[in-house]
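Reproduced below: start05.tsv, with TSV, C-alpha atoms and all ligand atoms.
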```
chain	number	residue	atom	x	y	z
A	1395	MET	CA	84.91	129.93	120.28
A	1396	GLU	CA	83.80	126.35	119.94
A	1397	TYR	CA	86.28	123.51	120.26
A	1398	SER	CA	86.07	119.80	119.64
A	1399	GLU	CA	88.54	116.92	119.45
A	1400	GLY	CA	89.26	114.39	116.77
A	1401	LEU	CA	91.70	112.01	115.13
A	1402	ILE	CA	93.29	112.71	111.73
A	1403	VAL	CA	92.51	109.67	109.57
A	1404	LYS	CA	93.69	110.96	106.19
A	1405	GLU	CA	95.53	113.85	104.59
A	1406	SER	CA	95.31	114.74	100.95
A	1407	GLY	CA	96.30	117.95	99.17
A	1408	GLY	CA	96.55	119.98	102.36
A	1409	LEU	CA	93.13	118.85	103.53
A	1410	TYR	CA	92.83	116.80	106.73
A	1411	TYR	CA	90.05	114.33	107.34
A	1412	VAL	CA	89.28	114.28	111.03
A	1413	LEU	CA	87.16	111.69	112.79
A	1414	CYS	CA	85.39	113.53	115.61
A	1415	LYS	CA	84.24	112.12	118.92
A	1416	ASP	CA	80.62	112.03	117.73
A	1417	GLY	CA	81.62	109.69	114.88
A	1418	GLN	CA	81.41	112.37	112.18
A	1419	LYS	CA	84.24	112.77	109.68
A	1420	THR	CA	85.03	116.34	108.63
A	1421	ALA	CA	87.48	117.72	106.10
A	1422	CYS	CA	89.41	120.69	107.39
A	1423	ARG	CA	92.51	122.80	107.01
A	1424	ALA	CA	95.19	123.54	109.55
A	1425	LYS	CA	95.98	126.93	111.05
A	1426	GLY	CA	98.97	128.68	109.48
A	1427	ILE	CA	100.79	128.68	112.83
A	1428	PHE	CA	101.91	125.05	112.29
A	1429	ARG	CA	103.82	126.05	109.15
A	1430	HIS	CA	105.60	128.77	111.11
A	1431	GLU	CA	106.60	126.26	113.75
A	1432	ASN	CA	107.53	123.68	111.12
A	1433	ILE	CA	105.02	121.15	112.40
A	1434	SER	CA	102.83	119.16	110.05
A	1435	PRO	CA	99.61	117.69	111.32
A	1436	THR	CA	99.93	113.98	110.53
A	1437	VAL	CA	97.60	111.00	110.23
A	1438	GLY	CA	97.27	109.55	113.74
A	1439	ASP	CA	97.42	112.95	115.42
A	1440	ARG	CA	94.77	113.77	117.96
A	1441	VAL	CA	93.78	117.33	117.25
A	1442	ILE	CA	91.70	120.20	118.55
A	1443	LEU	CA	89.27	121.71	116.06
A	1444	ASP	CA	88.00	125.26	116.16
A	1445	SER	CA	84.56	125.14	114.63
A	1446	SER	CA	83.87	128.86	114.89
A	1447	ASP	CA	86.32	129.76	112.12
A	1448	LYS	CA	84.83	131.44	109.08
A	1449	ASP	CA	86.17	128.61	106.88
A	1450	GLY	CA	84.42	125.90	108.91
A	1451	HIS	CA	86.43	123.49	111.08
A	1452	VAL	CA	90.10	124.34	111.43
A	1453	ILE	CA	92.81	122.38	113.22
A	1454	CYS	CA	94.13	124.74	115.88
A	1455	GLY	CA	96.01	122.35	118.16
A	1456	ILE	CA	97.83	119.01	118.11
A	1457	LYS	CA	97.90	116.92	121.25
A	1458	GLU	CA	101.26	115.67	122.47
A	1459	ARG	CA	102.53	112.82	120.28
A	1460	LYS	CA	103.71	109.47	121.53
A	1461	ASN	CA	105.89	109.09	118.43
A	1462	LEU	CA	106.18	110.28	114.83
A	1463	LEU	CA	107.34	108.20	111.89
A	1464	ILE	CA	108.61	109.79	108.69
A	1465	ARG	CA	108.08	106.72	106.52
A	1466	PRO	CA	105.29	105.78	106.59
A	1467	SER	CA	104.17	109.20	107.76
A	1468	LEU	CA	102.18	108.46	110.90
A	1469	ALA	CA	101.84	109.76	114.44
A	1470	ASN	CA	101.03	107.88	117.64
A	1471	LEU	CA	101.59	104.45	116.18
A	1472	ASP	CA	101.23	101.51	118.59
A	1473	ARG	CA	101.99	98.66	116.24
A	1474	LEU	CA	103.56	98.11	112.85
A	1475	PHE	CA	102.91	95.12	110.59
A	1476	ILE	CA	105.95	94.90	108.36
A	1477	VAL	CA	104.96	93.19	105.12
A	1478	ILE	CA	107.65	91.16	103.34
A	1479	PRO	CA	106.71	89.24	100.15
A	1480	ALA	CA	107.97	85.74	99.43
A	1481	ALA	CA	108.36	86.87	95.80
A	1482	ARG	CA	107.26	89.52	93.25
A	1483	PRO	CA	108.85	91.83	94.31
A	1484	ASP	CA	111.91	90.07	95.75
A	1485	PRO	CA	111.95	90.24	99.54
A	1486	ASP	CA	114.15	93.04	100.88
A	1487	LEU	CA	115.14	92.00	104.39
A	1488	PHE	CA	117.46	94.97	104.96
A	1489	THR	CA	114.59	97.42	104.46
A	1490	ALA	CA	112.37	95.33	106.73
A	1491	ASP	CA	115.11	95.32	109.38
A	1492	LYS	CA	115.57	99.08	109.09
A	1493	LEU	CA	111.84	99.51	109.56
A	1494	SER	CA	111.77	97.17	112.57
A	1495	ALA	CA	114.72	99.05	114.12
A	1496	ILE	CA	112.98	102.41	113.65
A	1497	ALA	CA	109.80	100.98	115.17
A	1498	ARG	CA	111.59	99.56	118.18
A	1499	HIS	CA	113.47	102.81	118.71
A	1500	ASN	CA	110.10	104.59	118.81
A	1501	GLY	CA	108.46	102.14	121.20
A	1502	ILE	CA	106.24	100.65	118.49
A	1503	LYS	CA	105.41	96.94	118.68
A	1504	THR	CA	106.12	95.06	115.47
A	1505	ALA	CA	104.94	91.93	113.73
A	1506	ILE	CA	106.12	90.47	110.44
A	1507	VAL	CA	103.63	89.59	107.73
A	1508	ILE	CA	105.00	87.42	104.96
A	1509	SER	CA	102.82	87.97	101.90
A	1510	LYS	CA	102.36	86.10	98.60
A	1511	CYS	CA	103.64	82.93	100.29
A	1512	ALA	CA	102.09	80.66	97.65
A	1513	LEU	CA	104.46	82.14	95.06
A	1514	ASP	CA	107.44	80.61	96.88
A	1515	LEU	CA	106.60	78.46	99.90
A	1516	GLU	CA	110.22	77.62	100.58
A	1517	LYS	CA	111.29	81.27	100.64
A	1518	ALA	CA	108.28	82.13	102.84
A	1519	ALA	CA	109.28	79.44	105.34
A	1520	GLN	CA	112.88	80.65	105.31
A	1521	ILE	CA	111.87	84.26	106.04
A	1522	ALA	CA	109.42	83.07	108.71
A	1523	SER	CA	112.15	81.13	110.48
A	1524	ILE	CA	114.47	84.17	110.51
A	1525	TYR	CA	111.90	86.40	112.20
A	1526	ASN	CA	110.58	83.69	114.50
A	1527	LYS	CA	114.11	83.19	115.74
A	1528	ALA	CA	114.46	86.95	116.24
A	1529	ASN	CA	111.33	86.79	118.48
A	1530	PHE	CA	108.89	88.55	116.17
A	1531	LYS	CA	105.29	87.50	115.86
A	1532	VAL	CA	105.12	86.16	112.28
A	1533	PHE	CA	102.12	85.70	109.99
A	1534	VAL	CA	102.47	83.77	106.75
A	1535	THR	CA	99.82	84.89	104.28
A	1536	ASP	CA	98.73	84.84	100.68
A	1537	GLY	CA	95.95	87.11	99.54
A	1538	ALA	CA	95.35	85.37	96.24
A	1539	GLU	CA	95.12	81.88	97.81
A	1540	ASN	CA	93.47	83.13	101.02
A	1541	ILE	CA	96.14	81.69	103.29
A	1542	GLY	CA	96.62	83.06	106.82
A	1543	VAL	CA	94.36	86.03	106.19
A	1544	ARG	CA	91.73	85.10	108.77
A	1545	GLU	CA	94.32	84.52	111.46
A	1546	LEU	CA	95.89	87.92	110.82
A	1547	GLY	CA	92.46	89.58	110.79
A	1548	LYS	CA	91.52	87.94	114.07
A	1549	TYR	CA	94.77	89.07	115.68
A	1550	ILE	CA	94.15	92.69	114.63
A	1551	LYS	CA	90.50	92.67	115.64
A	1552	ASN	CA	91.08	91.03	119.02
A	1553	GLY	CA	94.57	92.14	119.96
A	1554	CYS	CA	94.78	95.69	118.64
A	1555	ARG	CA	91.67	97.19	120.22
A	1556	GLY	CA	92.13	100.87	121.04
A	1557	GLU	CA	95.44	100.93	119.20
A	1558	ILE	CA	96.70	102.55	116.03
A	1559	SER	CA	98.40	100.00	113.77
A	1560	ALA	CA	99.72	100.15	110.23
A	1561	PHE	CA	100.78	97.94	107.37
A	1562	ALA	CA	104.12	99.04	105.94
A	1563	GLY	CA	106.50	97.71	103.32
A	1564	ALA	CA	107.72	98.09	99.76
A	1565	SER	CA	105.36	98.94	96.93
A	1566	GLY	CA	103.46	95.99	95.49
A	1567	VAL	CA	104.00	93.58	98.40
A	1568	GLY	CA	100.23	93.27	98.87
A	1569	LYS	CA	99.39	95.57	101.79
A	1570	SER	CA	96.16	96.93	100.32
A	1571	THR	CA	95.14	93.45	99.15
A	1572	LEU	CA	95.42	92.18	102.73
A	1573	MET	CA	93.57	95.21	104.08
A	1574	ASN	CA	90.74	94.65	101.61
A	1575	LEU	CA	90.46	90.97	102.49
A	1576	ILE	CA	90.54	91.51	106.24
A	1577	PHE	CA	88.29	94.55	106.34
A	1578	LYS	CA	85.98	93.86	103.44
A	1579	ASP	CA	83.12	95.17	105.52
A	1580	THR	CA	84.69	98.63	105.82
A	1581	ALA	CA	84.88	101.55	103.40
A	1582	ARG	CA	88.30	100.26	102.31
A	1583	ALA	CA	87.08	98.19	99.37
A	1584	THR	CA	85.54	101.11	97.53
A	1585	ALA	CA	88.37	103.45	98.43
A	1586	SER	CA	90.99	101.31	96.77
A	1587	VAL	CA	89.07	100.85	93.53
A	1588	SER	CA	89.06	104.59	92.91
A	1589	GLU	CA	92.82	104.79	93.41
A	1590	LYS	CA	93.59	103.00	90.14
A	1591	THR	CA	96.45	104.46	88.18
A	1592	GLY	CA	96.68	104.67	84.40
A	1593	ARG	CA	98.48	101.34	84.39
A	1594	GLY	CA	95.61	99.72	86.18
A	1595	ARG	CA	97.44	99.15	89.45
A	1596	HIS	CA	96.01	100.13	92.78
A	1597	THR	CA	98.98	102.06	94.06
A	1598	THR	CA	98.21	103.55	97.46
A	1599	ARG	CA	98.91	107.28	97.44
A	1600	ASN	CA	97.99	108.36	100.95
A	1601	VAL	CA	98.27	107.01	104.44
A	1602	GLU	CA	94.74	106.28	105.58
A	1603	LEU	CA	93.42	105.02	108.89
A	1604	PHE	CA	90.42	102.71	109.05
A	1605	GLU	CA	88.45	101.84	112.14
A	1606	THR	CA	87.45	98.22	112.62
A	1607	GLU	CA	84.12	97.38	114.21
A	1608	ASN	CA	85.69	96.89	117.63
A	1609	GLY	CA	87.67	100.11	117.80
A	1610	ALA	CA	91.09	99.18	116.41
A	1611	PHE	CA	92.56	101.66	113.94
A	1612	ILE	CA	94.70	100.31	111.13
A	1613	ALA	CA	96.45	102.25	108.38
A	1614	ASP	CA	97.15	101.30	104.83
A	1615	THR	CA	100.29	103.14	103.72
A	1616	PRO	CA	102.01	103.86	100.40
A	1617	GLY	CA	104.90	101.53	99.60
A	1618	PHE	CA	108.44	102.85	99.66
A	1619	THR	CA	111.80	101.61	98.53
A	1620	LEU	CA	114.08	103.86	100.51
A	1621	LEU	CA	114.60	104.26	104.21
A	1622	ASP	CA	117.55	106.55	103.84
A	1623	PHE	CA	119.48	106.69	107.09
A	1624	GLU	CA	121.98	109.08	105.48
A	1625	LYS	CA	119.32	111.64	104.70
A	1626	PHE	CA	116.97	111.25	107.66
A	1627	ASP	CA	117.82	111.19	111.35
A	1628	PHE	CA	115.86	108.09	112.31
A	1629	PHE	CA	118.20	107.49	115.25
A	1630	GLU	CA	121.83	107.80	116.28
A	1631	LEU	CA	124.62	105.24	116.36
A	1632	ASP	CA	124.29	104.95	120.14
A	1633	ASP	CA	120.67	103.85	119.74
A	1634	LEU	CA	121.47	101.05	117.31
A	1635	THR	CA	122.04	98.17	119.73
A	1636	GLY	CA	118.73	98.90	121.47
A	1637	ALA	CA	116.94	98.75	118.12
A	1638	PHE	CA	117.71	95.05	117.58
A	1639	ALA	CA	115.94	93.36	120.47
A	1640	GLU	CA	117.33	89.87	119.95
A	1641	LEU	CA	120.93	91.15	120.10
A	1642	GLU	CA	120.48	92.85	123.45
A	1643	PRO	CA	121.09	89.89	125.82
A	1644	TYR	CA	124.27	88.98	123.91
A	1645	ILE	CA	125.47	92.58	123.82
A	1646	THR	CA	125.00	92.82	127.58
A	1647	SER	CA	127.00	89.65	128.13
A	1648	CYS	CA	129.78	90.48	125.62
A	1649	LYS	CA	133.06	90.50	127.51
A	1650	TYR	CA	134.50	93.39	125.51
A	1651	THR	CA	133.32	96.76	126.78
A	1652	LYS	CA	134.28	98.61	123.57
A	1653	CYS	CA	133.00	95.91	121.24
A	1654	THR	CA	131.19	96.91	118.05
A	1655	HIS	CA	129.82	93.34	117.76
A	1656	THR	CA	130.65	93.33	114.06
A	1657	LYS	CA	133.87	91.34	113.67
A	1658	GLU	CA	135.68	90.98	117.01
A	1659	GLU	CA	137.07	87.54	117.82
A	1660	GLY	CA	135.30	86.13	120.90
A	1661	CYS	CA	132.39	88.62	120.75
A	1662	ALA	CA	129.24	87.16	122.37
A	1663	VAL	CA	127.03	88.36	119.50
A	1664	ILE	CA	129.23	86.84	116.81
A	1665	ASP	CA	129.44	83.56	118.74
A	1666	ALA	CA	125.64	83.50	118.95
A	1667	VAL	CA	125.42	84.03	115.18
A	1668	LYS	CA	127.85	81.12	114.71
A	1669	ARG	CA	125.77	78.89	117.01
A	1670	GLY	CA	122.67	79.76	114.97
A	1671	GLU	CA	120.98	81.65	117.81
A	1672	ILE	CA	120.92	84.97	115.92
A	1673	PRO	CA	119.87	84.92	112.24
A	1674	PRO	CA	122.85	85.97	110.06
A	1675	SER	CA	120.69	88.31	107.97
A	1676	ARG	CA	119.66	90.26	111.09
A	1677	HIS	CA	123.28	90.56	112.17
A	1678	GLN	CA	124.24	91.69	108.66
A	1679	SER	CA	121.54	94.37	108.79
A	1680	TYR	CA	122.93	95.51	112.14
A	1681	ILE	CA	126.45	95.73	110.67
A	1682	ALA	CA	125.26	97.59	107.55
A	1683	LEU	CA	123.31	100.11	109.63
A	1684	ARG	CA	126.27	100.56	111.92
A	1685	GLU	CA	128.47	101.44	108.96
A	1686	ILE	CA	125.98	103.99	107.65
A	1687	LEU	CA	125.49	105.65	111.06
A	1688	ASN	CA	129.20	105.61	111.76
A	1689	LYS	CA	129.98	107.45	108.54
A	1690	LYS	CA	127.20	109.93	109.04
A	1691	HIS	CA	128.73	111.95	111.87
A	1692	PRO	CA	132.46	111.32	111.63
A	1693	TRP	CA	133.18	114.01	114.23
A	1694	THR	CA	131.35	112.01	116.89
A	1695	LYS	CA	133.06	108.76	115.94
A	1696	LYS	CA	134.47	106.92	118.92
A	1697	GLN	CA	138.16	106.09	118.73
B	1701	LIG	N1	100.07	86.18	93.47
B	1701	LIG	C1	99.69	87.07	94.39
B	1701	LIG	N2	99.54	88.36	94.02
B	1701	LIG	C2	99.16	89.24	94.96
B	1701	LIG	C3	98.95	88.86	96.31
B	1701	LIG	N3	98.62	89.94	97.02
B	1701	LIG	C4	98.64	90.98	96.14
B	1701	LIG	N4	98.95	90.56	94.91
B	1701	LIG	C5	99.08	91.39	93.70
B	1701	LIG	O1	100.22	92.23	93.85
B	1701	LIG	C6	99.96	93.53	93.32
B	1701	LIG	C7	100.19	94.59	94.37
B	1701	LIG	O2	99.26	94.43	95.43
B	1701	LIG	P1	98.82	95.63	96.38
B	1701	LIG	O3	97.93	95.06	97.42
B	1701	LIG	O4	98.30	96.77	95.58
B	1701	LIG	O5	100.23	96.04	96.99
B	1701	LIG	P2	100.58	97.25	97.97
B	1701	LIG	O6	101.56	96.74	98.93
B	1701	LIG	O7	99.33	97.83	98.51
B	1701	LIG	O8	101.29	98.29	96.99
B	1701	LIG	P3	101.44	99.90	97.17
B	1701	LIG	O9	100.08	100.46	97.44
B	1701	LIG	O10	102.03	100.37	95.88
B	1701	LIG	O11	102.37	100.12	98.30
B	1701	LIG	C8	98.52	93.50	92.79
B	1701	LIG	O12	98.57	93.26	91.41
B	1701	LIG	C9	97.89	92.34	93.52
B	1701	LIG	O13	96.87	91.74	92.80
B	1701	LIG	C10	99.11	87.47	96.64
B	1701	LIG	O14	98.94	87.04	97.78
B	1701	LIG	N5	99.50	86.64	95.64
B	1702	MG	MG	98.58	99.70	98.51
B	1703	ZN	ZN	130.72	92.01	121.10
```

Can you present the structure in this file as structure tokens?
Amino acid sequence: MEYSEGLIVKESGGLYYVLCKDGQKTACRAKGIFRHENISPTVGDRVILDSSDKDGHVICGIKERKNLLIRPSLANLDRLFIVIPAARPDPDLFTADKLSAIARHNGIKTAIVISKCALDLEKAAQIASIYNKANFKVFVTDGAENIGVRELGKYIKNGCRGEISAFAGASGVGKSTLMNLIFKDTARATASVSEKTGRGRHTTRNVELFETENGAFIADTPGFTLLDFEKFDFFELDDLTGAFAELEPYITSCKYTKCTHTKEEGCAVIDAVKRGEIPPSRHQSYIALREILNKKHPWTKKQ
């Protein structure tokens, strides 16, 4: 038998595109055993290939994962760039907050990218101030007007070396546009042109990892509208407070041991919201998620 190692950079129609150590990209299938074990090889997985199979290269092993996201579907992610538009479509902060909570729960660093800022500069500044206050690294960009694109590109090229990063966010927020502008020297530009739909939009269909010239991997991902905490087990109610980093110091210092930090008089978190130290929208997202998770497993509900 002959084995080699590689990184899954794309999956399409049951075919995996694996970047091998020698720099070659090969298309291969996965051994049936994964289906039995209910494991799907995923973009970002480091895999073992058996090249002696009669069908050519076959994925026969998946190396231990650091993490696995369902949406976007990615393994071993180090960093997530959450893209929120200033307008068109309307910014959806709750979805962004859900995504940031899932990332934090999985040990993934996050940054916020505000896109299409020129469409509504005031809104862009307002969103930027929310996430700055919540201690996120924030980039304000506009692909059409070429604002902030170089700075974001520099950050990825210099700061994300040896990492796997991804752009994520709702459909149409401008993820692929930013990718194309930042990595115009990669295969990305041609890839997106061929993904045109009948309506002439470049809707991204597959998660795909691209390697920058200095060894950072970054994924463009399909947009989504739903991060359904009722349907998927992203994390449990007990994990919620840890998923909102800026709440943690206040939660630790809250004088009530059984506090839910949602409405209690004298709660340290609520006082911080009132003083303007915690953005209200972030606290609202925390409360909304708490309600969903609380309802989900009523039998484990604390009295
Ligand atoms: N005005 C303006 N339009 C933009 C900007 N960035 C992207 N667009 C437009 O917004 C639309 C969607 O952009 P995409 O880059 O395809 O968005 P996406 O996030 O990749 O969308 P999905 O692949 O469906 O998830 C396209 O028509 C772009 O031309 C921007 O900065 N300003
Ligand atoms: Mg896209
Ligand atoms: Zn409290």

Restrict the calculation to all atoms listed in the file, then for each residue of segment 1518-1544 of chain A with any atom at most 12 Å from an atom of segment 1652-1671 of chain A give the closest atom pair and their distance in Å to one decimal, rows by chain and rising residue number, as a tab-separated table.
```
residue	atom	partner	partner_atom	distance
A:Ser1523	CA	A:Glu1671	CA	11.5
A:Ile1524	CA	A:Glu1671	CA	10.1
A:Tyr1525	CA	A:Glu1671	CA	11.7
A:Asn1526	CA	A:Glu1671	CA	11.1
A:Lys1527	CA	A:Glu1671	CA	7.3
A:Ala1528	CA	A:Glu1671	CA	8.5
A:Asn1529	CA	A:Glu1671	CA	11.0
```

Proximity to ligand ZN 1703 (chain B) - best of A:Pro1643, A:Pro1674, A:Pro1483, A:Gly1568, all atoms listed in the file: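 For ligand ZN 1703 (chain B), the nearest of the given residues is A:Pro1643.
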
Test item: residues no farther than 10 Å from ligand LIG 1701 (chain B), counting all atoms listed in the file, as a PyMOL selection string: chain A and resi 1477-1483+1508-1514+1535-1541+1543+1561-1575+1586+1589-1590+1594-1601+1614-1619

Selected residue of minimal separation from ligand MG 1702 (chain B) among A:Lys1690, A:Ile1456, A:Gly1609, A:Glu1602, counting only C-alpha atoms and all ligand atoms: A:Glu1602

Atom-to-atom span, atom CA of Lys1415 of chain A and atom CA of Arg1544 of chain A, Å: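 That distance, rounded to one decimal, is 29.8 Å.
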
Residue with smallest distance to ligand MG 1702 (chain B) - pool A:Ser1679, A:Leu1515, A:Ala1560, A:Leu1546, counting only C-alpha atoms and all ligand atoms: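 Ranked by minimum distance to ligand MG 1702 (chain B), first place goes to A:Ala1560.
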
Residue list as a PyMOL selection string for point (92.9, 132.3, 108.3), cut-off 12 Å, all atoms listed in the file: chain A and resi 1423-1427+1444+1446-1454

Export C-alpha atoms of the chosen residues as a CSV table (one decimal), in the coordinates of the input?
```csv
chain,number,residue,atom,x,y,z
A,1423,ARG,CA,92.5,122.8,107.0
A,1424,ALA,CA,95.2,123.5,109.6
A,1425,LYS,CA,96.0,126.9,111.0
A,1426,GLY,CA,99.0,128.7,109.5
A,1427,ILE,CA,100.8,128.7,112.8
A,1444,ASP,CA,88.0,125.3,116.2
A,1446,SER,CA,83.9,128.9,114.9
A,1447,ASP,CA,86.3,129.8,112.1
A,1448,LYS,CA,84.8,131.4,109.1
A,1449,ASP,CA,86.2,128.6,106.9
A,1450,GLY,CA,84.4,125.9,108.9
A,1451,HIS,CA,86.4,123.5,111.1
A,1452,VAL,CA,90.1,124.3,111.4
A,1453,ILE,CA,92.8,122.4,113.2
A,1454,CYS,CA,94.1,124.7,115.9
```

Around all of segment 1606-1622 of chain A's listed atoms, make the axis-aligned box with 6 Å on each side and tell me centre and edge lengths in Å to one decimal, as AutoDock Vina command-line options.
```
--center_x 100.8 --center_y 101.7 --center_z 108.2 --size_x 45.4 --size_y 21.7 --size_z 31.3
```

For Asn1500 of chain A: contacts at 8 Å, only C-alpha atoms, fewer than 2 positions along chain excluded, given as number ranges by chain: A: 1461-1462, 1496-1498, 1502

Distance of atom CA of Ile1464 of chain A from atom CA of Gly1501 of chain A, expressed in Å to one decimal place: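 Separation between atom CA of Gly1501 of chain A and atom CA of Ile1464 of chain A: 14.7 Å.
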
For atom CA of Ile1558 of chain A and atom CA of Leu1621 of chain A, the interatomic separation in Å (one decimal):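 Pair atom CA of Ile1558 of chain A / atom CA of Leu1621 of chain A returns 21.5 Å.
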